[in-house]
Amino acid sequence: MEITSRGLWTLIHGMGFGALFLLACSAAIYQLWHLCRSNGASEAHTDVVLKWYLLAMALLAWLSVLSGTYIVYPWYRAVAPAGTHDLALYPQLLLKSSPTTIGWHTLGMEWKEHVAWLSPIAMTMAAATFFHYGRDLRNQRYLRNAVLSFTVVAFVAAAIAGTWGAMINKYAPTVGGQVYSFSQAEAK
Amino acid sequence: MNSSETRSLPNGAGAAATLAAGIGAVVLGVLTLAGDKSPAIKNALIFYRPTGALSGVTTVTIAVWFVVWLLLHRLWSKKDVNIRKIVTIAFVLLAASLLLTFPPFIDAF
């Protein structure tokens, strides 16, 4: 069982930061929705937990887009030397080489690479507002709704990016670099 | 404001964060569109070659977002503003940014 360094970073970006953020969204959205429905009434310890929870989510969103943009994306869009026939190390070129896969780049990656950045912006707004107001948010109906809605937008943007990312990596995985071997199973 | 609500903090800081996020989001969308339509703008947005124009689009977006947030926070943090109107504007900007990053919409221009 082995994985390349590029594959490992793609895993950290997508499954580590991205998927964890998406999972965290469900609990945050439920808790914020409950806060809005109950007209802001909540227990003090719930507010403290949610405050740090939202901050951790904002951090995850930032780590996801930064690792995607500055670590994985350069490998995805790497330019192959002239005369290269095997495009396995050049995912973007591999997708663009066939009319049956080009859409994964022209629609999927072109959308994903930009829309993903809405997630940390929206999540930072939600976390900062919750941090600033704390318990006082129960008296701020419109701000409560804004925090919930921006968290939903952050979720939607991350879900779009994550779904396209998973599909693109299925058709043109980011591979190459150092190979890490974890175990060697005997052939049966 | 609901008559039963008794606020202790002005809503200005929250309004500043909300509107700044909306403005930051729409800057992302506008730069995405501009970079796609103009080769000159696309080249100008290449801050880090391995990542291409995406590096400039996102760096300018984050810079504008933070500066706007800072300015609005200074202006509004100690007062109450029309929060309903500001949240509505921020949502319109967010919706526009979602549209402006959608490739089929960009291709329509």
# chains A, B, ... in the order shown; residues from 1 in each chain; ligands from 1
$ closest_atom_pairs --of "chain B" --to "chain A" --cutoff "8 Å" --atoms "only C-alpha atoms" --output "Markdown table"
| residue | atom | partner | partner_atom | distance |
| --- | --- | --- | --- | --- |
| B:Glu5 | CA | A:Asn139 | CA | 5.5 |
| B:Thr6 | CA | A:Asn139 | CA | 6.3 |
| B:Arg7 | CA | A:Asn139 | CA | 5.5 |
| B:Ser8 | CA | A:Asp136 | CA | 6.9 |
| B:Leu9 | CA | A:Asp136 | CA | 7.0 |
| B:Asn11 | CA | A:Gln140 | CA | 7.4 |
| B:Ala13 | CA | A:Thr129 | CA | 7.7 |
| B:Gly14 | CA | A:Thr129 | CA | 5.5 |
| B:Ala15 | CA | A:Leu143 | CA | 7.6 |
| B:Ala17 | CA | A:Met125 | CA | 5.7 |
| B:Thr18 | CA | A:Met125 | CA | 6.3 |
| B:Ala21 | CA | A:Ile121 | CA | 6.0 |
| B:Gly24 | CA | A:Ile121 | CA | 7.5 |
| B:Ala25 | CA | A:Leu118 | CA | 6.1 |
| B:Leu28 | CA | A:His114 | CA | 7.6 |
| B:Gly29 | CA | A:His114 | CA | 8.0 |
| B:Thr32 | CA | A:His114 | CA | 7.3 |
| B:Pro50 | CA | A:Pro74 | CA | 4.9 |
| B:Thr51 | CA | A:Pro74 | CA | 5.2 |
| B:Leu54 | CA | A:His114 | CA | 7.6 |
| B:Ser55 | CA | A:Thr69 | CA | 7.7 |
| B:Thr58 | CA | A:Trp117 | CA | 7.5 |
| B:Ile83 | CA | A:Tyr142 | CA | 6.7 |
| B:Arg84 | CA | A:Tyr142 | CA | 6.3 |
| B:Val87 | CA | A:Ala146 | CA | 6.6 |
| B:Leu98 | CA | A:Val115 | CA | 6.8 |
| B:Thr101 | CA | A:Val115 | CA | 5.9 |
| B:Phe102 | CA | A:Trp111 | CA | 5.6 |
| B:Pro103 | CA | A:Leu107 | CA | 5.9 |
| B:Pro104 | CA | A:Leu107 | CA | 7.6 |
$ closest_residue --among "A:Val49, A:Leu89, A:Ile168, A:Phe182" --to "Arg6 (chain A)" --atoms "only C-alpha atoms"
A:Leu89
$ residues_around --residues "region 25-35 of chain A" --least-positions-apart "3" --cutoff "8 Å" --atoms "only C-alpha atoms" --output "PyMOL selection string"
chain A and resi 21-22+38-42+50+53-54+57+138+144+147-148+151-152+155
$ write_last_selection --atoms "all heavy atoms" --output "CSV table (one decimal), in the first residue's frame"
chain,number,residue,atom,x,y,z
A,21,PHE,N,-14.6,20.2,7.3
A,21,PHE,CA,-15.4,21.4,7.3
A,21,PHE,C,-16.8,21.1,7.0
A,21,PHE,O,-17.7,21.6,7.7
A,21,PHE,CB,-14.8,22.4,6.3
A,21,PHE,CG,-15.6,23.7,6.2
A,21,PHE,CD1,-15.5,24.7,7.2
A,21,PHE,CD2,-16.5,23.9,5.2
A,21,PHE,CE1,-16.3,25.8,7.1
A,21,PHE,CE2,-17.3,25.0,5.1
A,21,PHE,CZ,-17.2,26.0,6.0
A,22,LEU,N,-17.0,20.3,5.9
A,22,LEU,CA,-18.4,20.0,5.5
A,22,LEU,C,-19.2,19.3,6.7
A,22,LEU,O,-20.3,19.6,6.9
A,22,LEU,CB,-18.4,19.2,4.3
A,22,LEU,CG,-18.1,20.0,3.0
A,22,LEU,CD1,-17.9,19.0,1.8
A,22,LEU,CD2,-19.1,21.0,2.6
A,38,SER,N,-35.3,29.8,18.5
A,38,SER,CA,-35.7,30.0,19.9
A,38,SER,C,-35.5,31.5,20.3
A,38,SER,O,-35.4,31.8,21.4
A,38,SER,CB,-34.8,29.2,20.8
A,38,SER,OG,-33.4,29.5,20.6
A,39,ASN,N,-35.4,32.3,19.2
A,39,ASN,CA,-35.3,33.8,19.4
A,39,ASN,C,-34.1,34.1,20.2
A,39,ASN,O,-34.1,35.1,21.0
A,39,ASN,CB,-36.6,34.3,20.0
A,39,ASN,CG,-36.9,35.7,19.6
A,39,ASN,OD1,-36.4,36.2,18.5
A,39,ASN,ND2,-37.6,36.5,20.3
A,40,GLY,N,-33.0,33.4,20.1
A,40,GLY,CA,-31.8,33.7,20.7
A,40,GLY,C,-31.5,33.1,22.1
A,40,GLY,O,-30.5,33.3,22.6
A,41,ALA,N,-32.6,32.4,22.6
A,41,ALA,CA,-32.4,31.8,23.9
A,41,ALA,C,-31.5,30.6,23.9
A,41,ALA,O,-31.7,29.7,23.1
A,41,ALA,CB,-33.8,31.4,24.5
A,42,SER,N,-30.4,30.6,24.6
A,42,SER,CA,-29.5,29.5,24.7
A,42,SER,C,-28.8,29.5,26.0
A,42,SER,O,-28.7,30.5,26.7
A,42,SER,CB,-28.5,29.5,23.5
A,42,SER,OG,-27.7,30.6,23.6
A,50,LEU,N,-20.0,27.0,20.9
A,50,LEU,CA,-20.3,27.4,19.5
A,50,LEU,C,-19.3,28.4,19.0
A,50,LEU,O,-18.9,28.4,17.8
A,50,LEU,CB,-21.8,27.9,19.4
A,50,LEU,CG,-22.3,28.1,18.0
A,50,LEU,CD1,-22.2,26.8,17.1
A,50,LEU,CD2,-23.8,28.5,18.0
A,53,TYR,N,-16.2,26.7,18.2
A,53,TYR,CA,-16.5,25.7,17.1
A,53,TYR,C,-16.5,26.5,15.7
A,53,TYR,O,-16.0,26.0,14.8
A,53,TYR,CB,-17.9,25.1,17.4
A,53,TYR,CG,-18.3,23.9,16.5
A,53,TYR,CD1,-17.9,22.7,16.8
A,53,TYR,CD2,-19.0,24.1,15.3
A,53,TYR,CE1,-18.2,21.6,16.0
A,53,TYR,CE2,-19.4,23.0,14.5
A,53,TYR,CZ,-19.0,21.8,14.9
A,53,TYR,OH,-19.3,20.7,14.1
A,54,LEU,N,-17.2,27.7,15.7
A,54,LEU,CA,-17.2,28.5,14.5
A,54,LEU,C,-15.9,29.0,14.1
A,54,LEU,O,-15.5,29.0,12.9
A,54,LEU,CB,-18.2,29.6,14.6
A,54,LEU,CG,-19.7,29.3,14.8
A,54,LEU,CD1,-20.5,30.5,15.0
A,54,LEU,CD2,-20.2,28.6,13.6
A,57,MET,N,-14.1,26.2,12.5
A,57,MET,CA,-14.6,26.0,11.2
A,57,MET,C,-14.0,27.0,10.2
A,57,MET,O,-13.6,26.6,9.0
A,57,MET,CB,-16.1,26.1,11.1
A,57,MET,CG,-16.8,24.9,11.7
A,57,MET,SD,-18.6,25.1,11.7
A,57,MET,CE,-18.9,25.2,10.0
A,138,ARG,N,-28.4,37.2,21.1
A,138,ARG,CA,-29.8,36.8,21.3
A,138,ARG,C,-30.7,38.0,21.2
A,138,ARG,O,-31.9,37.9,20.9
A,138,ARG,CB,-30.0,36.2,22.7
A,138,ARG,CG,-29.8,37.1,23.8
A,138,ARG,CD,-29.8,36.4,25.2
A,138,ARG,NE,-29.0,37.2,26.1
A,138,ARG,CZ,-29.0,37.0,27.4
A,138,ARG,NH1,-29.6,35.9,27.9
A,138,ARG,NH2,-28.3,37.7,28.2
A,144,ARG,N,-28.3,37.5,13.9
A,144,ARG,CA,-28.4,36.0,14.1
A,144,ARG,C,-28.7,35.3,12.8
A,144,ARG,O,-28.1,34.3,12.4
A,144,ARG,CB,-29.5,35.7,15.1
A,144,ARG,CG,-29.2,35.7,16.6
A,144,ARG,CD,-30.2,35.0,17.4
A,144,ARG,NE,-31.6,35.2,17.1
A,144,ARG,CZ,-32.4,36.1,17.7
A,144,ARG,NH1,-31.8,36.9,18.5
A,144,ARG,NH2,-33.6,36.2,17.4
A,147,VAL,N,-25.7,35.4,10.5
A,147,VAL,CA,-24.7,34.4,10.8
A,147,VAL,C,-25.1,33.0,10.3
A,147,VAL,O,-24.3,32.3,9.7
A,147,VAL,CB,-24.4,34.4,12.4
A,147,VAL,CG1,-23.6,33.2,12.8
A,147,VAL,CG2,-23.7,35.7,12.8
A,148,LEU,N,-26.3,32.7,10.5
A,148,LEU,CA,-26.8,31.4,10.1
A,148,LEU,C,-26.7,31.3,8.5
A,148,LEU,O,-26.2,30.3,8.0
A,148,LEU,CB,-28.3,31.1,10.5
A,148,LEU,CG,-29.0,29.9,9.9
A,148,LEU,CD1,-28.3,28.6,10.3
A,148,LEU,CD2,-30.5,29.9,10.3
A,151,THR,N,-23.2,31.0,7.2
A,151,THR,CA,-22.7,29.6,7.4
A,151,THR,C,-23.3,28.7,6.4
A,151,THR,O,-22.5,27.8,5.9
A,151,THR,CB,-23.1,29.1,8.9
A,151,THR,OG1,-22.6,30.1,9.8
A,151,THR,CG2,-22.5,27.8,9.2
A,152,VAL,N,-24.6,28.9,6.0
A,152,VAL,CA,-25.1,28.0,5.0
A,152,VAL,C,-24.4,28.3,3.6
A,152,VAL,O,-24.1,27.3,2.9
A,152,VAL,CB,-26.7,28.3,4.8
A,152,VAL,CG1,-27.3,27.6,3.6
A,152,VAL,CG2,-27.4,27.8,6.1
A,155,PHE,N,-21.2,26.6,3.6
A,155,PHE,CA,-21.4,25.2,3.4
A,155,PHE,C,-21.6,24.9,1.9
A,155,PHE,O,-21.0,23.9,1.3
A,155,PHE,CB,-22.6,24.7,4.2
A,155,PHE,CG,-23.0,23.3,3.9
A,155,PHE,CD1,-22.3,22.2,4.2
A,155,PHE,CD2,-24.2,23.1,3.2
A,155,PHE,CE1,-22.7,20.9,3.9
A,155,PHE,CE2,-24.6,21.8,2.9
A,155,PHE,CZ,-23.9,20.7,3.3
$ residues_around --residues "Thr61 (chain B)" --least-positions-apart "4" --cutoff "9 Å" --atoms "only C-alpha atoms" --output "list in words"
Ile23, Gly24, Ala25, Val26, Val27, Leu28, Leu31, Gly56, Val57, Trp65 and Phe66 of chain B
$ write_last_selection --atoms "N, CA, C and O atoms" --output "PDB file, in the first residue's frame"
ATOM      1  N   ILE B  23     -19.093  42.447   0.091  1.00  0.00           N
ATOM      2  CA  ILE B  23     -18.255  43.186  -0.862  1.00  0.00           C
ATOM      3  C   ILE B  23     -17.055  42.325  -1.288  1.00  0.00           C
ATOM      4  O   ILE B  23     -16.722  42.242  -2.471  1.00  0.00           O
ATOM      5  N   GLY B  24     -16.418  41.666  -0.324  1.00  0.00           N
ATOM      6  CA  GLY B  24     -15.296  40.775  -0.641  1.00  0.00           C
ATOM      7  C   GLY B  24     -15.715  39.687  -1.625  1.00  0.00           C
ATOM      8  O   GLY B  24     -15.012  39.405  -2.596  1.00  0.00           O
ATOM      9  N   ALA B  25     -16.892  39.126  -1.381  1.00  0.00           N
ATOM     10  CA  ALA B  25     -17.387  38.051  -2.248  1.00  0.00           C
ATOM     11  C   ALA B  25     -17.628  38.554  -3.665  1.00  0.00           C
ATOM     12  O   ALA B  25     -17.257  37.897  -4.644  1.00  0.00           O
ATOM     13  N   VAL B  26     -18.215  39.736  -3.790  1.00  0.00           N
ATOM     14  CA  VAL B  26     -18.520  40.237  -5.138  1.00  0.00           C
ATOM     15  C   VAL B  26     -17.233  40.661  -5.864  1.00  0.00           C
ATOM     16  O   VAL B  26     -17.143  40.539  -7.097  1.00  0.00           O
ATOM     17  N   VAL B  27     -16.236  41.101  -5.131  1.00  0.00           N
ATOM     18  CA  VAL B  27     -14.934  41.428  -5.754  1.00  0.00           C
ATOM     19  C   VAL B  27     -14.346  40.151  -6.355  1.00  0.00           C
ATOM     20  O   VAL B  27     -13.807  40.164  -7.466  1.00  0.00           O
ATOM     21  N   LEU B  28     -14.474  39.048  -5.616  1.00  0.00           N
ATOM     22  CA  LEU B  28     -14.006  37.750  -6.126  1.00  0.00           C
ATOM     23  C   LEU B  28     -14.693  37.427  -7.456  1.00  0.00           C
ATOM     24  O   LEU B  28     -14.030  37.042  -8.439  1.00  0.00           O
ATOM     25  N   LEU B  31     -13.573  39.949 -10.325  1.00  0.00           N
ATOM     26  CA  LEU B  31     -12.208  39.668 -10.790  1.00  0.00           C
ATOM     27  C   LEU B  31     -12.149  38.360 -11.589  1.00  0.00           C
ATOM     28  O   LEU B  31     -11.386  38.248 -12.546  1.00  0.00           O
ATOM     29  N   GLY B  56      -3.778  36.135  -7.959  1.00  0.00           N
ATOM     30  CA  GLY B  56      -4.114  37.559  -7.913  1.00  0.00           C
ATOM     31  C   GLY B  56      -5.562  37.798  -7.565  1.00  0.00           C
ATOM     32  O   GLY B  56      -5.883  38.691  -6.770  1.00  0.00           O
ATOM     33  N   VAL B  57      -6.450  37.003  -8.155  1.00  0.00           N
ATOM     34  CA  VAL B  57      -7.891  37.140  -7.887  1.00  0.00           C
ATOM     35  C   VAL B  57      -8.144  37.031  -6.386  1.00  0.00           C
ATOM     36  O   VAL B  57      -8.832  37.866  -5.788  1.00  0.00           O
ATOM     37  N   TRP B  65     -11.402  42.979   0.926  1.00  0.00           N
ATOM     38  CA  TRP B  65     -12.329  42.567   1.998  1.00  0.00           C
ATOM     39  C   TRP B  65     -11.855  43.084   3.362  1.00  0.00           C
ATOM     40  O   TRP B  65     -12.628  43.691   4.114  1.00  0.00           O
ATOM     41  N   PHE B  66     -10.573  42.864   3.667  1.00  0.00           N
ATOM     42  CA  PHE B  66     -10.055  43.293   4.974  1.00  0.00           C
ATOM     43  C   PHE B  66     -10.052  44.817   5.132  1.00  0.00           C
ATOM     44  O   PHE B  66     -10.388  45.348   6.188  1.00  0.00           O
TER      45      PHE B  66
END
$ select_by_dssp --residues "region 84-122 of chain A" --states "alpha helix (DSSP H)" --output "short mmCIF file (atom, residue, chain, number, x, y, z; two decimals) with all heavy atoms, in the first residue's frame"
data_model
loop_
_atom_site.label_atom_id
_atom_site.label_comp_id
_atom_site.auth_asym_id
_atom_site.auth_seq_id
_atom_site.Cartn_x
_atom_site.Cartn_y
_atom_site.Cartn_z
N PRO A 91 -2.76 16.56 -14.64
CA PRO A 91 -4.22 16.35 -14.62
C PRO A 91 -5.01 17.29 -15.52
O PRO A 91 -5.94 16.84 -16.21
CB PRO A 91 -4.58 16.56 -13.14
CG PRO A 91 -3.32 16.26 -12.40
CD PRO A 91 -2.20 16.72 -13.29
N GLN A 92 -4.66 18.58 -15.53
CA GLN A 92 -5.43 19.52 -16.35
C GLN A 92 -5.32 19.16 -17.84
O GLN A 92 -6.32 19.12 -18.56
CB GLN A 92 -4.92 20.95 -16.13
CG GLN A 92 -5.75 22.00 -16.84
CD GLN A 92 -5.10 23.37 -16.76
OE1 GLN A 92 -3.98 23.58 -17.21
NE2 GLN A 92 -5.79 24.31 -16.16
N LEU A 93 -4.10 18.87 -18.27
CA LEU A 93 -3.88 18.51 -19.67
C LEU A 93 -4.54 17.18 -20.00
O LEU A 93 -5.07 17.00 -21.09
CB LEU A 93 -2.38 18.44 -19.97
CG LEU A 93 -1.62 19.76 -19.87
CD1 LEU A 93 -0.13 19.53 -20.09
CD2 LEU A 93 -2.16 20.77 -20.88
N LEU A 94 -4.53 16.28 -19.03
CA LEU A 94 -5.16 14.97 -19.23
C LEU A 94 -6.67 15.14 -19.46
O LEU A 94 -7.24 14.54 -20.37
CB LEU A 94 -4.90 14.07 -18.01
CG LEU A 94 -5.43 12.64 -18.06
CD1 LEU A 94 -4.78 11.85 -19.19
CD2 LEU A 94 -5.19 11.93 -16.73
N LEU A 95 -7.29 15.98 -18.64
CA LEU A 95 -8.74 16.21 -18.79
C LEU A 95 -9.04 16.90 -20.13
O LEU A 95 -10.02 16.58 -20.79
CB LEU A 95 -9.27 17.07 -17.64
CG LEU A 95 -9.29 16.41 -16.25
CD1 LEU A 95 -9.73 17.42 -15.20
CD2 LEU A 95 -10.20 15.20 -16.22
N LYS A 96 -8.19 17.86 -20.50
CA LYS A 96 -8.43 18.62 -21.72
C LYS A 96 -8.09 17.84 -22.99
O LYS A 96 -8.40 18.28 -24.09
CB LYS A 96 -7.62 19.93 -21.69
CG LYS A 96 -8.16 20.93 -20.68
CD LYS A 96 -7.20 22.06 -20.41
CE LYS A 96 -7.38 23.21 -21.33
NZ LYS A 96 -6.53 24.37 -20.92
N ILE A 102 -13.13 16.92 -20.92
CA ILE A 102 -12.74 18.34 -20.86
C ILE A 102 -13.68 19.17 -19.96
O ILE A 102 -13.25 20.12 -19.30
CB ILE A 102 -12.65 18.95 -22.29
CG1 ILE A 102 -11.94 20.31 -22.22
CG2 ILE A 102 -14.01 19.04 -22.96
CD1 ILE A 102 -11.54 20.88 -23.56
N GLY A 103 -14.95 18.75 -19.89
CA GLY A 103 -15.91 19.47 -19.06
C GLY A 103 -15.56 19.46 -17.58
O GLY A 103 -15.89 20.39 -16.83
N GLU A 110 -12.87 25.14 -13.17
CA GLU A 110 -13.01 26.60 -13.30
C GLU A 110 -13.99 27.17 -12.26
O GLU A 110 -13.81 28.29 -11.77
CB GLU A 110 -13.48 26.98 -14.71
CG GLU A 110 -12.48 26.66 -15.82
CD GLU A 110 -11.36 27.68 -15.93
OE1 GLU A 110 -11.49 28.75 -15.33
OE2 GLU A 110 -10.36 27.38 -16.59
N TRP A 111 -15.02 26.41 -11.94
CA TRP A 111 -16.00 26.85 -10.95
C TRP A 111 -15.45 26.64 -9.54
O TRP A 111 -15.45 27.55 -8.71
CB TRP A 111 -17.30 26.08 -11.14
CG TRP A 111 -18.47 26.64 -10.37
CD1 TRP A 111 -18.55 27.89 -9.77
CD2 TRP A 111 -19.72 26.00 -10.14
NE1 TRP A 111 -19.78 28.04 -9.18
CE2 TRP A 111 -20.51 26.91 -9.38
CE3 TRP A 111 -20.26 24.77 -10.48
CZ2 TRP A 111 -21.81 26.59 -8.98
CZ3 TRP A 111 -21.55 24.46 -10.09
CH2 TRP A 111 -22.32 25.36 -9.35
N LYS A 112 -14.93 25.44 -9.32
CA LYS A 112 -14.46 25.04 -7.99
C LYS A 112 -13.37 25.97 -7.46
O LYS A 112 -13.40 26.39 -6.30
CB LYS A 112 -13.92 23.61 -8.08
CG LYS A 112 -13.04 23.16 -6.94
CD LYS A 112 -12.32 21.86 -7.30
CE LYS A 112 -11.16 21.60 -6.38
NZ LYS A 112 -11.50 21.44 -4.98
N GLU A 113 -12.40 26.30 -8.31
CA GLU A 113 -11.24 27.06 -7.83
C GLU A 113 -11.63 28.46 -7.33
O GLU A 113 -10.94 29.04 -6.50
CB GLU A 113 -10.17 27.15 -8.92
CG GLU A 113 -10.53 28.05 -10.09
CD GLU A 113 -9.54 27.94 -11.25
OE1 GLU A 113 -9.09 26.83 -11.54
OE2 GLU A 113 -9.24 28.99 -11.85
N HIS A 114 -12.73 29.00 -7.87
CA HIS A 114 -13.16 30.34 -7.44
C HIS A 114 -14.23 30.30 -6.35
O HIS A 114 -14.13 31.01 -5.36
CB HIS A 114 -13.68 31.13 -8.65
CG HIS A 114 -12.61 31.45 -9.64
ND1 HIS A 114 -12.53 30.84 -10.87
CD2 HIS A 114 -11.54 32.28 -9.57
CE1 HIS A 114 -11.47 31.29 -11.52
NE2 HIS A 114 -10.85 32.16 -10.76
N VAL A 115 -15.24 29.45 -6.55
CA VAL A 115 -16.37 29.46 -5.60
C VAL A 115 -15.92 29.02 -4.20
O VAL A 115 -16.48 29.46 -3.19
CB VAL A 115 -17.54 28.59 -6.13
CG1 VAL A 115 -17.29 27.09 -5.93
CG2 VAL A 115 -18.85 28.99 -5.48
N LEU A 118 -15.40 31.58 -1.40
CA LEU A 118 -16.52 32.22 -0.68
C LEU A 118 -16.66 31.62 0.70
O LEU A 118 -17.16 32.26 1.63
CB LEU A 118 -17.82 32.04 -1.47
CG LEU A 118 -17.92 32.75 -2.81
CD1 LEU A 118 -19.26 32.44 -3.47
CD2 LEU A 118 -17.77 34.26 -2.63
N SER A 119 -16.23 30.36 0.83
CA SER A 119 -16.40 29.64 2.08
C SER A 119 -15.64 30.28 3.26
O SER A 119 -16.25 30.57 4.30
CB SER A 119 -15.98 28.19 1.86
OG SER A 119 -16.44 27.40 2.90
N PRO A 120 -14.33 30.51 3.15
CA PRO A 120 -13.64 31.14 4.30
C PRO A 120 -14.10 32.57 4.57
O PRO A 120 -14.12 33.01 5.73
CB PRO A 120 -12.16 31.11 3.89
CG PRO A 120 -12.14 30.92 2.43
CD PRO A 120 -13.37 30.15 2.09
N ILE A 121 -14.48 33.29 3.49
CA ILE A 121 -14.96 34.67 3.70
C ILE A 121 -16.25 34.64 4.52
O ILE A 121 -16.38 35.35 5.54
CB ILE A 121 -15.18 35.37 2.33
CG1 ILE A 121 -13.84 35.58 1.62
CG2 ILE A 121 -15.89 36.71 2.53
CD1 ILE A 121 -13.95 36.14 0.20
N ALA A 122 -17.21 33.82 4.09
CA ALA A 122 -18.50 33.74 4.79
C ALA A 122 -18.34 33.18 6.20
O ALA A 122 -18.96 33.66 7.15
CB ALA A 122 -19.47 32.87 3.98
#
